[in-house]
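> The file below is final.cif, mmCIF, C-alpha atoms:
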data_work
#
loop_
_atom_site.label_atom_id
_atom_site.label_comp_id
_atom_site.auth_asym_id
_atom_site.auth_seq_id
_atom_site.Cartn_x
_atom_site.Cartn_y
_atom_site.Cartn_z
CA MET V 1 137.26 89.02 132.62
CA LEU V 2 134.31 86.71 133.16
CA ARG V 3 131.89 89.23 131.62
CA LYS V 4 134.10 89.72 128.56
CA SER V 5 134.39 85.97 128.09
CA LEU V 6 130.61 85.50 128.22
CA THR V 7 130.09 88.33 125.73
CA ALA V 8 132.60 86.85 123.30
CA MET V 9 130.96 83.43 123.61
CA PHE V 10 127.47 84.89 122.93
CA LEU V 11 128.66 86.72 119.81
CA ALA V 12 130.38 83.59 118.54
CA LEU V 13 127.28 81.44 118.97
CA THR V 14 124.73 83.95 117.66
CA PRO V 15 123.66 83.31 114.00
CA VAL V 16 124.49 86.04 111.51
CA GLY V 17 120.87 86.27 110.36
CA ALA V 18 119.66 87.08 113.86
CA LEU V 19 122.13 89.92 114.18
CA SER V 20 121.06 91.39 110.86
CA LEU V 21 117.39 91.15 111.88
CA VAL V 22 118.02 93.12 115.06
CA SER V 23 119.84 95.88 113.23
CA SER V 24 117.56 96.00 110.15
CA GLY V 25 115.05 98.43 111.62
CA PRO V 26 115.43 102.21 111.28
CA ALA V 27 117.81 103.58 113.86
CA GLN V 28 115.93 106.86 114.06
CA ALA V 29 112.93 105.13 115.67
CA GLN V 30 114.99 104.42 118.78
CA GLN V 31 116.62 107.89 118.95
CA VAL V 32 113.88 110.51 118.73
CA ILE V 33 110.72 110.35 120.82
CA VAL V 34 108.20 113.19 120.81
CA SER V 35 104.74 113.71 122.32
CA ILE V 36 101.57 114.78 120.58
CA THR V 37 102.26 118.36 121.69
CA PHE V 38 105.06 118.45 119.10
CA PHE V 39 102.40 118.21 116.39
CA HIS V 40 100.44 120.98 118.10
CA GLN V 41 103.40 123.32 117.99
CA GLN V 42 104.73 122.51 114.52
CA LEU V 43 101.39 122.69 112.71
CA ALA V 44 100.08 125.84 114.39
CA SER V 45 101.65 128.07 111.71
CA TYR V 46 99.79 126.35 108.88
CA GLY V 47 96.35 125.67 110.32
CA ARG V 48 94.19 125.50 113.40
CA TRP V 49 93.22 122.89 115.98
CA PHE V 50 89.70 122.28 117.26
CA ASP V 51 88.05 119.73 119.49
CA HIS V 52 86.05 117.48 117.20
CA PRO V 53 83.06 115.78 118.90
CA GLN V 54 84.07 112.39 117.49
CA TYR V 55 87.88 112.42 117.07
CA GLY V 56 89.04 114.85 119.74
CA TRP V 57 91.68 117.44 118.86
CA THR V 58 92.08 117.57 115.09
CA TRP V 59 93.81 119.96 112.70
CA PHE V 60 92.71 121.62 109.48
CA PRO V 61 94.93 123.63 107.09
CA THR V 62 94.47 127.31 106.40
CA ALA V 63 97.60 128.02 104.33
CA VAL V 64 96.24 126.31 101.19
CA ASP V 65 94.46 127.42 98.01
CA ALA V 66 90.88 126.94 96.84
CA ARG V 67 91.69 123.78 94.79
CA TRP V 68 93.63 122.04 97.53
CA ARG V 69 93.16 118.39 98.49
CA PRO V 70 95.31 116.05 100.62
CA TYR V 71 98.07 114.22 98.72
CA SER V 72 97.91 116.59 95.78
CA ARG V 73 100.91 118.95 96.24
CA GLY V 74 103.89 116.66 95.75
CA GLN V 75 104.94 113.54 93.81
CA TRP V 76 105.27 109.78 94.13
CA VAL V 77 108.66 108.16 94.61
CA TRP V 78 109.56 104.48 94.63
CA THR V 79 111.80 103.67 97.61
CA GLU V 80 113.80 100.58 98.43
CA GLU V 81 112.51 99.99 101.96
CA TYR V 82 108.95 101.36 101.93
CA GLY V 83 107.61 101.05 98.39
CA TRP V 84 105.56 104.01 97.15
CA TYR V 85 106.46 107.11 99.15
CA TRP V 86 104.64 110.45 99.03
CA GLN V 87 107.12 113.34 98.85
CA SER V 88 105.16 116.44 99.80
CA ASP V 89 105.93 119.99 98.70
CA GLU V 90 104.15 121.42 101.74
CA PRO V 91 105.90 122.32 105.02
CA PHE V 92 103.42 120.33 107.09
CA GLY V 93 103.55 117.22 104.88
CA TRP V 94 106.20 115.40 106.98
CA ALA V 95 103.48 114.90 109.63
CA THR V 96 100.06 114.92 107.95
CA TYR V 97 100.95 112.49 105.12
CA HIS V 98 102.97 109.99 107.13
CA TYR V 99 101.09 109.89 110.46
CA GLY V 100 97.39 109.76 111.25
CA ARG V 101 94.45 109.93 108.82
CA TRP V 102 92.34 112.47 106.96
CA ALA V 103 88.58 112.86 107.38
CA TYR V 104 85.95 115.28 106.11
CA ASP V 105 83.98 117.56 108.44
CA GLU V 106 80.73 119.42 107.76
CA GLU V 107 82.13 122.72 109.12
CA TYR V 108 85.88 122.69 108.44
CA GLY V 109 86.18 120.39 105.44
CA TRP V 110 89.42 118.38 105.42
CA ILE V 111 90.66 117.57 108.92
CA TRP V 112 93.70 115.61 110.03
CA ILE V 113 93.57 113.16 112.95
CA PRO V 114 96.99 112.51 114.55
CA GLY V 115 98.40 109.01 114.80
CA ASN V 116 101.52 107.38 116.19
CA THR V 117 102.53 105.03 113.34
CA TRP V 118 104.74 106.27 110.52
CA GLY V 119 104.13 105.11 106.97
CA PRO V 120 105.37 106.04 103.49
CA ALA V 121 101.83 107.22 102.64
CA TRP V 122 98.38 106.46 104.00
CA VAL V 123 96.25 106.31 100.85
CA ALA V 124 94.05 103.90 98.92
CA PHE V 125 94.98 103.17 95.29
CA ARG V 126 92.85 102.44 92.24
CA TYR V 127 94.36 101.29 88.95
CA SER V 128 93.49 100.65 85.32
CA GLU V 129 95.40 100.50 82.04
CA GLY V 130 94.65 104.18 81.50
CA TYR V 131 94.52 105.91 84.90
CA VAL V 132 95.84 105.73 88.45
CA GLY V 133 94.02 107.25 91.42
CA TRP V 134 94.66 107.66 95.12
CA ALA V 135 92.74 109.04 98.10
CA PRO V 136 93.53 109.48 101.82
CA LEU V 137 92.48 106.50 103.91
CA PRO V 138 89.54 107.12 106.26
CA PRO V 139 89.88 107.15 110.06
CA GLU V 140 88.47 103.60 110.26
CA THR V 141 91.90 102.36 109.16
CA LEU V 142 93.61 104.11 112.08
CA ASP V 143 94.45 101.64 114.84
CA PHE V 144 96.63 102.82 117.69
CA SER V 145 97.33 99.26 118.82
CA PHE V 146 98.42 97.69 115.53
CA GLY V 147 99.14 100.72 113.38
CA PHE V 148 97.01 99.87 110.35
CA SER V 149 93.71 98.18 109.66
CA HIS V 150 93.14 96.74 106.18
CA ILE V 151 89.38 97.33 106.18
CA TYR V 152 87.64 100.29 104.54
CA THR V 153 90.11 100.63 101.67
CA ASP V 154 87.68 100.31 98.76
CA MET V 155 86.18 103.81 99.09
CA SER V 156 83.95 103.54 96.03
CA ALA V 157 80.85 105.12 97.59
CA ARG V 158 79.59 108.40 96.21
CA TYR V 159 80.59 110.52 99.21
CA TYR V 160 84.23 109.45 98.71
CA GLU V 161 84.41 110.80 95.14
CA PRO V 162 85.87 114.25 96.02
CA ARG V 163 88.80 112.57 97.81
CA TRP V 164 90.28 110.93 94.75
CA VAL V 165 93.03 112.33 92.59
CA PHE V 166 93.20 110.64 89.16
CA VAL V 167 96.02 111.12 86.67
CA PRO V 168 96.93 109.35 83.42
CA ARG V 169 99.04 106.30 84.15
CA ASN V 170 102.04 107.61 82.20
CA ARG V 171 102.02 110.77 84.39
CA PHE V 172 102.06 109.01 87.73
CA LEU V 173 105.67 109.97 88.60
CA ASP V 174 105.51 113.59 87.44
CA ALA V 175 106.47 116.40 89.79
CA ARG V 176 103.70 118.86 90.72
CA ILE V 177 101.28 116.03 90.07
CA TYR V 178 98.19 118.15 90.77
CA THR V 179 98.72 119.92 87.45
CA ARG V 180 98.10 116.56 85.74
CA ALA V 181 95.01 115.67 87.78
CA GLU V 182 91.72 115.14 85.99
CA PRO V 183 88.70 117.32 86.92
CA MET V 184 87.05 116.25 90.14
CA ALA V 185 83.64 116.15 88.43
CA GLN V 186 84.80 113.08 86.43
CA ASN V 187 85.90 111.05 89.44
CA ASN V 188 82.72 108.98 89.35
CA ILE V 189 83.68 107.77 85.87
CA PHE V 190 87.24 106.85 86.85
CA ILE V 191 86.08 105.02 89.96
CA ARG V 192 83.92 102.74 87.80
CA GLN V 193 86.74 102.14 85.33
CA THR V 194 89.43 101.27 87.90
CA ILE V 195 89.85 98.60 90.58
CA ASN V 196 91.03 98.79 94.17
CA VAL V 197 94.69 97.71 94.44
CA THR V 198 95.47 98.98 97.95
CA ASN V 199 98.13 96.77 99.48
CA TYR V 200 100.11 97.51 102.65
CA ILE V 201 102.33 94.94 104.28
CA THR V 202 104.57 94.95 107.36
CA VAL V 203 108.17 93.78 107.05
CA ASN V 204 110.26 93.71 110.24
CA ARG V 205 107.77 96.09 111.87
CA ILE V 206 108.08 98.48 108.90
CA VAL V 207 105.00 99.49 106.87
CA VAL V 208 105.53 98.98 103.14
CA ASN V 209 103.24 100.30 100.39
CA ARG V 210 103.12 97.85 97.48
CA SER V 211 99.77 98.85 96.03
CA ILE V 212 100.99 99.21 92.43
CA ASP V 213 103.43 96.76 90.89
CA ARG V 214 106.70 98.44 90.04
CA GLN V 215 107.33 96.45 86.87
CA ARG V 216 103.85 97.16 85.56
CA MET V 217 104.41 100.85 86.08
CA GLU V 218 107.79 100.66 84.31
CA THR V 219 106.05 99.06 81.35
CA ALA V 220 103.50 101.87 81.27
CA LEU V 221 106.20 104.56 81.48
CA GLY V 222 108.52 102.86 79.00
CA ARG V 223 111.55 103.34 81.26
CA ARG V 224 113.17 101.98 84.39
CA ILE V 225 112.17 103.49 87.74
CA THR V 226 115.11 104.49 89.95
CA ALA V 227 114.64 103.49 93.58
CA ALA V 228 115.36 106.17 96.17
CA ARG V 229 116.65 105.57 99.67
CA VAL V 230 115.05 107.15 102.75
CA ARG V 231 117.57 108.59 105.19
CA ASP V 232 116.61 109.50 108.75
CA VAL V 233 117.29 113.00 110.08
CA ASP V 234 117.03 114.33 113.62
CA ASP V 235 115.44 117.70 112.80
CA VAL V 236 112.17 118.42 111.06
CA ARG V 237 113.78 121.32 109.18
CA LYS V 238 116.10 118.87 107.41
CA SER V 239 113.35 116.72 105.94
CA GLY V 240 112.92 116.75 102.16
CA ARG V 241 114.18 115.21 98.97
CA ARG V 242 117.87 115.30 98.05
CA GLY V 243 118.22 114.64 94.34
CA ASP V 244 116.75 111.55 92.70
CA SER V 245 118.27 108.88 94.92
CA GLU V 246 117.85 110.12 98.52
CA ILE V 247 115.05 111.44 100.69
CA ASP V 248 115.64 112.92 104.14
CA ALA V 249 112.75 111.99 106.41
CA TYR V 250 111.98 113.07 109.95
CA ARG V 251 109.95 110.27 111.54
CA PRO V 252 110.16 110.19 115.32
CA GLN V 253 108.28 107.94 117.68
CA VAL V 254 105.10 109.75 118.72
CA ARG V 255 103.38 109.25 122.03
CA VAL V 256 99.72 110.08 121.53
CA SER V 257 97.82 111.23 124.61
CA PRO V 258 94.09 111.98 124.22
CA GLN V 259 94.22 114.34 127.19
CA ALA V 260 96.86 116.61 125.62
CA ALA V 261 95.36 119.82 124.25
CA PRO V 262 96.99 122.39 121.93
CA PRO V 263 97.80 125.85 123.26
CA ALA V 264 95.10 128.49 123.11
CA ALA V 265 96.91 130.42 120.38
CA ALA V 266 96.78 127.40 118.06
CA ARG V 267 93.06 126.73 118.46
CA ALA V 268 90.45 127.66 115.90
CA ARG V 269 88.51 130.89 116.25
CA PRO V 270 85.02 131.57 114.87
CA ASN V 271 86.35 133.17 111.68
CA ASP V 272 88.99 130.51 110.98
CA LYS V 273 87.80 128.61 107.93
CA PRO V 274 89.63 126.91 105.05
CA PRO V 275 89.84 128.83 101.77
CA TYR V 276 88.15 126.11 99.71
CA SER V 277 84.40 125.51 99.53
CA ILE V 278 83.10 122.81 101.88
CA GLN V 279 80.99 120.02 100.38
CA LYS V 280 78.70 118.67 103.07
CA ASP V 281 77.70 115.69 100.95
CA ALA V 282 81.35 114.52 100.99
CA THR V 283 81.07 113.48 104.62
CA PRO V 284 80.40 109.72 104.96
CA PRO V 285 78.13 108.51 107.77
CA SER V 286 81.06 107.19 109.79
CA GLU V 287 82.74 110.64 109.84
CA ARG V 288 79.74 112.83 110.59
CA ARG V 289 79.63 114.78 113.78
CA ASP V 290 78.28 112.98 116.81
CA VAL V 291 74.67 114.16 117.19
CA ARG V 292 74.78 113.46 120.90
CA THR V 293 76.78 116.62 121.45
CA THR V 294 75.06 118.86 118.89
CA ALA V 295 71.38 118.33 119.73
CA PRO V 296 69.46 121.59 120.39
CA PRO V 297 68.81 122.42 124.06
CA GLY V 298 65.65 120.93 125.45
CA GLN V 299 65.47 118.08 122.95
CA PRO V 300 66.57 114.55 123.69
CA PRO V 301 69.76 113.60 121.82
CA ALA V 302 69.11 111.34 118.85
CA ARG V 303 70.70 107.90 118.77
CA THR V 304 71.85 108.21 122.35
CA THR V 305 72.01 105.42 124.87
CA PRO V 306 68.99 105.46 127.24
CA PRO V 307 69.53 105.73 130.98
CA THR V 308 70.56 102.58 132.73
CA GLY V 309 67.67 100.18 133.25
CA GLN V 310 65.19 102.12 131.08
CA PRO V 311 64.17 101.03 127.59
CA PRO V 312 64.53 103.67 124.87
CA ALA V 313 60.89 103.24 123.76
CA ARG V 314 59.54 104.77 126.95
CA THR V 315 61.53 108.00 126.95
CA THR V 316 59.67 111.29 127.10
CA PRO V 317 58.83 112.46 123.55
CA PRO V 318 59.42 116.04 122.40
CA SER V 319 56.95 118.70 123.49
CA GLY V 320 53.73 118.67 121.52
CA GLN V 321 53.70 114.98 120.76
CA PRO V 322 51.47 112.51 122.58
CA PRO V 323 53.30 110.21 124.99
CA ALA V 324 53.88 106.72 123.72
CA ARG V 325 51.70 103.89 125.07
CA THR V 326 49.43 106.09 127.22
CA THR V 327 45.67 106.76 127.00
CA PRO V 328 44.63 106.57 123.31
CA PRO V 329 42.79 109.43 121.60
CA THR V 330 38.99 109.56 121.79
CA GLY V 331 37.34 107.08 119.48
CA GLN V 332 40.07 104.46 119.55
CA PRO V 333 39.63 101.17 121.38
CA PRO V 334 41.72 100.68 124.51
CA ALA V 335 42.88 97.21 123.45
CA ARG V 336 46.36 98.47 122.62
CA THR V 337 46.88 100.66 125.63
CA THR V 338 49.06 99.59 128.50
CA PRO V 339 46.81 98.26 131.30
CA PRO V 340 47.46 99.10 134.95
CA THR V 341 49.81 96.82 136.80
CA GLY V 342 48.19 93.49 137.74
CA GLN V 343 44.91 94.07 135.81
CA PRO V 344 44.08 92.45 132.49
CA PRO V 345 43.34 94.79 129.59
CA ALA V 346 39.92 93.11 128.95
CA ARG V 347 38.33 94.71 132.04
CA THR V 348 39.22 98.32 131.25
CA THR V 349 36.41 100.78 130.70
CA PRO V 350 35.86 101.28 126.95
CA PRO V 351 35.38 104.72 125.42
CA THR V 352 31.97 106.37 125.47
CA GLY V 353 29.56 104.86 122.97
CA GLN V 354 31.00 101.38 122.95
CA PRO V 355 29.39 98.46 124.81
CA PRO V 356 31.33 97.12 127.80
CA ALA V 357 33.26 93.98 127.06
CA ARG V 358 31.74 90.70 128.36
CA THR V 359 28.82 92.29 130.26
CA THR V 360 25.07 91.89 129.56
CA PRO V 361 24.81 90.42 126.03
CA PRO V 362 22.76 92.14 123.34
CA THR V 363 19.13 91.23 122.78
CA GLY V 364 18.68 87.87 121.05
CA GLN V 365 21.91 86.27 122.22
CA PRO V 366 21.99 83.45 124.74
CA PRO V 367 23.35 84.27 128.20
CA ALA V 368 25.84 81.39 128.11
CA ARG V 369 28.63 83.65 126.80
CA THR V 370 28.10 86.55 129.18
CA THR V 371 30.43 87.09 132.07
CA PRO V 372 28.57 86.34 135.28
CA PRO V 373 28.97 88.47 138.39
CA SER V 374 31.83 87.54 140.66
CA GLY V 375 31.05 84.44 142.73
CA GLN V 376 27.68 83.58 141.07
CA PRO V 377 27.15 80.80 138.51
CA PRO V 378 25.96 81.77 135.06
CA ALA V 379 22.83 79.53 135.34
CA ARG V 380 21.08 81.92 137.73
CA THR V 381 21.49 85.11 135.72
CA MET V 382 18.49 86.82 134.21
CA PRO V 383 18.08 86.00 130.52
CA PRO V 384 17.45 88.69 127.93
CA THR V 385 13.98 89.99 127.26
CA GLY V 386 11.91 87.71 125.05
CA GLN V 387 13.39 84.43 126.19
CA PRO V 388 11.71 82.05 128.67
CA PRO V 389 13.18 82.17 132.19
CA ALA V 390 15.61 79.37 132.74
CA ARG V 391 14.62 76.87 135.47
CA THR V 392 11.72 78.97 136.84
CA THR V 393 8.08 77.75 137.22
CA PRO V 394 7.89 74.46 135.32
CA PRO V 395 5.13 73.74 132.84
CA THR V 396 1.90 72.16 134.01
CA GLY V 397 2.32 68.52 135.01
CA GLN V 398 5.83 68.80 136.38
CA PRO V 399 6.56 68.64 140.08
CA PRO V 400 7.34 71.99 141.70
CA ALA V 401 10.49 70.62 143.40
CA ARG V 402 12.73 72.29 140.80
CA THR V 403 11.25 75.74 140.91
CA THR V 404 13.54 78.65 141.52
CA PRO V 405 13.03 80.32 144.87
CA PRO V 406 13.03 84.08 145.22
CA SER V 407 16.37 85.66 144.25
CA GLY V 408 19.00 85.08 146.91
CA GLN V 409 16.65 83.16 149.35
CA PRO V 410 16.61 79.39 149.92
CA PRO V 411 13.32 77.48 149.67
CA ALA V 412 11.24 77.50 152.87
CA ARG V 413 11.38 74.28 154.93
CA THR V 414 8.03 74.78 156.73
CA ALA V 415 4.74 73.58 155.29
CA PRO V 416 5.36 71.77 152.06
CA PRO V 417 3.58 73.05 149.02
CA SER V 418 0.40 71.49 147.74
CA ARG V 419 0.61 68.11 145.98
CA GLN V 420 3.35 66.97 148.36
CA PRO V 421 2.68 63.87 150.56
CA PRO V 422 1.89 64.48 154.26
CA SER V 423 4.51 64.15 156.88
CA ARG V 424 5.69 60.62 157.60
CA GLN V 425 5.44 60.97 161.41
CA PRO V 426 2.88 58.47 163.00
CA PRO V 427 -0.31 60.01 164.44
CA ALA V 428 -0.52 60.52 168.16
CA GLN V 429 -2.20 57.53 170.04
CA PRO V 430 -4.95 58.36 172.65
CA PRO V 431 -4.35 57.10 176.20
CA CYS V 432 -5.68 53.56 176.92
CA GLY V 433 -7.78 52.43 179.86
CA GLN V 434 -9.80 55.62 179.94
CA PRO V 435 -13.52 55.75 179.50
CA GLY V 436 -14.42 55.33 175.91
CA GLN V 437 -10.97 53.99 175.00
CA PRO V 438 -9.88 50.36 174.58
CA ALA V 439 -8.19 48.51 177.36
CA CYS V 440 -4.45 48.70 177.64
CA PRO V 441 -2.63 45.64 176.32
CA PRO V 442 -0.91 43.45 178.84
CA ARG V 443 2.78 44.14 179.55
#
How would this structure read if it were set down as structure tokens?


Amino acid sequence: MLRKSLTAMFLALTPVGALSLVSSGPAQAQQVIVSITFFHQQLASYGRWFDHPQYGWTWFPTAVDARWRPYSRGQWVWTEEYGWYWQSDEPFGWATYHYGRWAYDEEYGWIWIPGNTWGPAWVAFRYSEGYVGWAPLPPETLDFSFGFSHIYTDMSARYYEPRWVFVPRNRFLDARIYTRAEPMAQNNIFIRQTINVTNYITVNRIVVNRSIDRQRMETALGRRITAARVRDVDDVRKSGRRGDSEIDAYRPQVRVSPQAAPPAAARARPNDKPPYSIQKDATPPSERRDVRTTAPPGQPPARTTPPTGQPPARTTPPSGQPPARTTPPTGQPPARTTPPTGQPPARTTPPTGQPPARTTPPTGQPPARTTPPSGQPPARTMPPTGQPPARTTPPTGQPPARTTPPSGQPPARTAPPSRQPPSRQPPAQPPCGQPGQPACPPR
């Protein structure tokens, strides 16, 4: 009784708007939960899976024709809850056009990267008064944490041109829209003539595609656009359009696990290739294969991270190339080489034929700028030939006190040289009181 009373009190006090907000989301999202292996199983009949070096396990279609492109076999429908909705005519479209993203690979062409967020369509839109175009969003917009990233939606670079499908504006809602598509060779013209109008918003945790204004499109068509309603189904075989006002959609919650791998029977074999021709120049830099895993054996991987603690500039170069920052070739000065640890580069031995740095100066230069031997002052070095000896025998008339003694020997302290005064010691006195000597003075 107490529990029933509390429940009745809570319902009475709860605002009506809050109750409608809780129940506004799609009920199917809380009922069906599948893992990434469900994609592996369901798509195996229409294509192959392979382990991409950048994106992991990806899928590419094989049951398509030579003119196939993503978001080309189907039609656009305006829906009440989700805006512009892509209704595919292909059996794999319930997954590949409402989850994940499309990229372009150098070997397999169009590849699909699984995702866990459902959307009415994952495309970029361009618009003008004459034409409407759309292209699958690149993998940069795939965010497993938030579902959608609004960056990288312009897609006007040259390598994105093959992705676009352009049709006249008054044909935008036609069935079998690919029959109205303009030639791919003219996409560069339409890209310049149109502007990017991609616009996705989230309402009550629901992704809504409002890229093209509905009223503007009604004006272009000259008629009113009937809004269809998306109805959830619990089986993938029931998905599809029912008349003009209802669409049955299978959109479970998907738990993506990077470790999950498809069965061996669903993986690509060497001869499994798409039927259309692959354009290698259609791969943007962000979608190209990781060179770290495709480098030839024996060569260092380009753009890889160097080992911990080692700078990339000092890695071992490929065979046949001189090592960086080692001994320079013959004839080049060693000023730019790396000196041994603890020694300055100025004292290295120069190549043959070059004078040693800071040694005996050339003839005619004063010795003041030469490097003296270790521990000896520069004043006692031998000057170059042709110059008077510094501080040697002085000219006539100067005292010899400042003459330079023999190399490495101090001046002798014995008999003084000539012209020096005699010793200052008093002469020895003869003994007094002896015969022939004066008498001794009294004491």

> I'd like to know which of V:Tyr276, V:Tyr127, V:Phe166, V:Trp118 is closest to Tyr82 (chain V), using only C-alpha atoms.

V:Trp118

> Assuming 4 Å of padding per side, give the centre and edge lengths of the axis-aligned box around every listed atom of region 262-267 of chain V, in Å to one decimal and as AutoDock Vina command-line options.


--center_x 95.4 --center_y 126.4 --center_z 120.7 --size_x 12.7 --size_y 16.0 --size_z 13.2

> Region 100-142 of chain V near region 218-241 of chain V within 10 Å: what's each residue's closest atom pair and its distance in Å to one decimal, counting all atoms listed in the file, ordered by chain then ascending residue number, as CSV?


residue,atom,partner,partner_atom,distance
V:Pro120,CA,V:Val230,CA,9.8
V:Glu129,CA,V:Ala220,CA,8.3
V:Gly130,CA,V:Ala220,CA,9.1

> What would the selection look like, as a PyMOL selection string, if the PyMOL selection byres ((chain V and resi 257) around 10) were run on the coordinates I just shared?

chain V and resi 35-37+116+254-256+258-261

> What's the separation between CA of Lys280 (chain V) and CA of Glu106 (chain V), in Å to one decimal place?

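Those two atoms sit 5.2 Å apart.
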
> Record the distance separating CA of Ile33 (chain V) and CA of Tyr250 (chain V), expressed in Å with one decimal.

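Computing the Euclidean distance for CA of Ile33 (chain V) and CA of Tyr250 (chain V) yields 11.3 Å.
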
> If we count only C-alpha atoms and set the cut-off at 12 Å, which residues sit around Ser72 (chain V), ignoring sequence neighbours fewer than 4 positions away in its own chain? Please answer as a ChimeraX atom specification.

/V:64-65,67-68,76,86-90,93,97,123,133-136,163-167,172,174-182

> How many Å lie between CA of Trp94 (chain V) and CA of Ala124 (chain V), rounded to one decimal?

18.6 Å

> Need to verify the contact set: Asp213 (chain V), 10 Å, only C-alpha atoms, exclusion of same-chain residues closer than 3 positions in sequence. Can you return it as a list of chain:residue names?

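Using only C-alpha atoms, the neighbours found are V:Gly83, V:Trp84, V:Val197, V:Arg210, V:Arg216, V:Met217, V:Glu218.
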
> Write a file of the selected residues as a tab-separated table (two decimals), in the frame of the given file, keeping C-alpha atoms.


chain	number	residue	atom	x	y	z
V	83	GLY	CA	107.61	101.05	98.39
V	84	TRP	CA	105.56	104.01	97.15
V	197	VAL	CA	94.69	97.71	94.44
V	210	ARG	CA	103.12	97.85	97.48
V	216	ARG	CA	103.85	97.16	85.56
V	217	MET	CA	104.41	100.85	86.08
V	218	GLU	CA	107.79	100.66	84.31

> Find the residue from V:Ala266, V:Val132, V:Asp244, V:Phe60 that sits nearest to Glu107 (chain V); use all atoms listed in the file when measuring.

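The closest residue to Glu107 (chain V) is V:Phe60.
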
> Could you list, as a PyMOL selection string, every residue matched by the PyMOL selection byres ((chain V and resi 265) around 10) in this structure?

chain V and resi 41+44+48-49+262-264+266-269
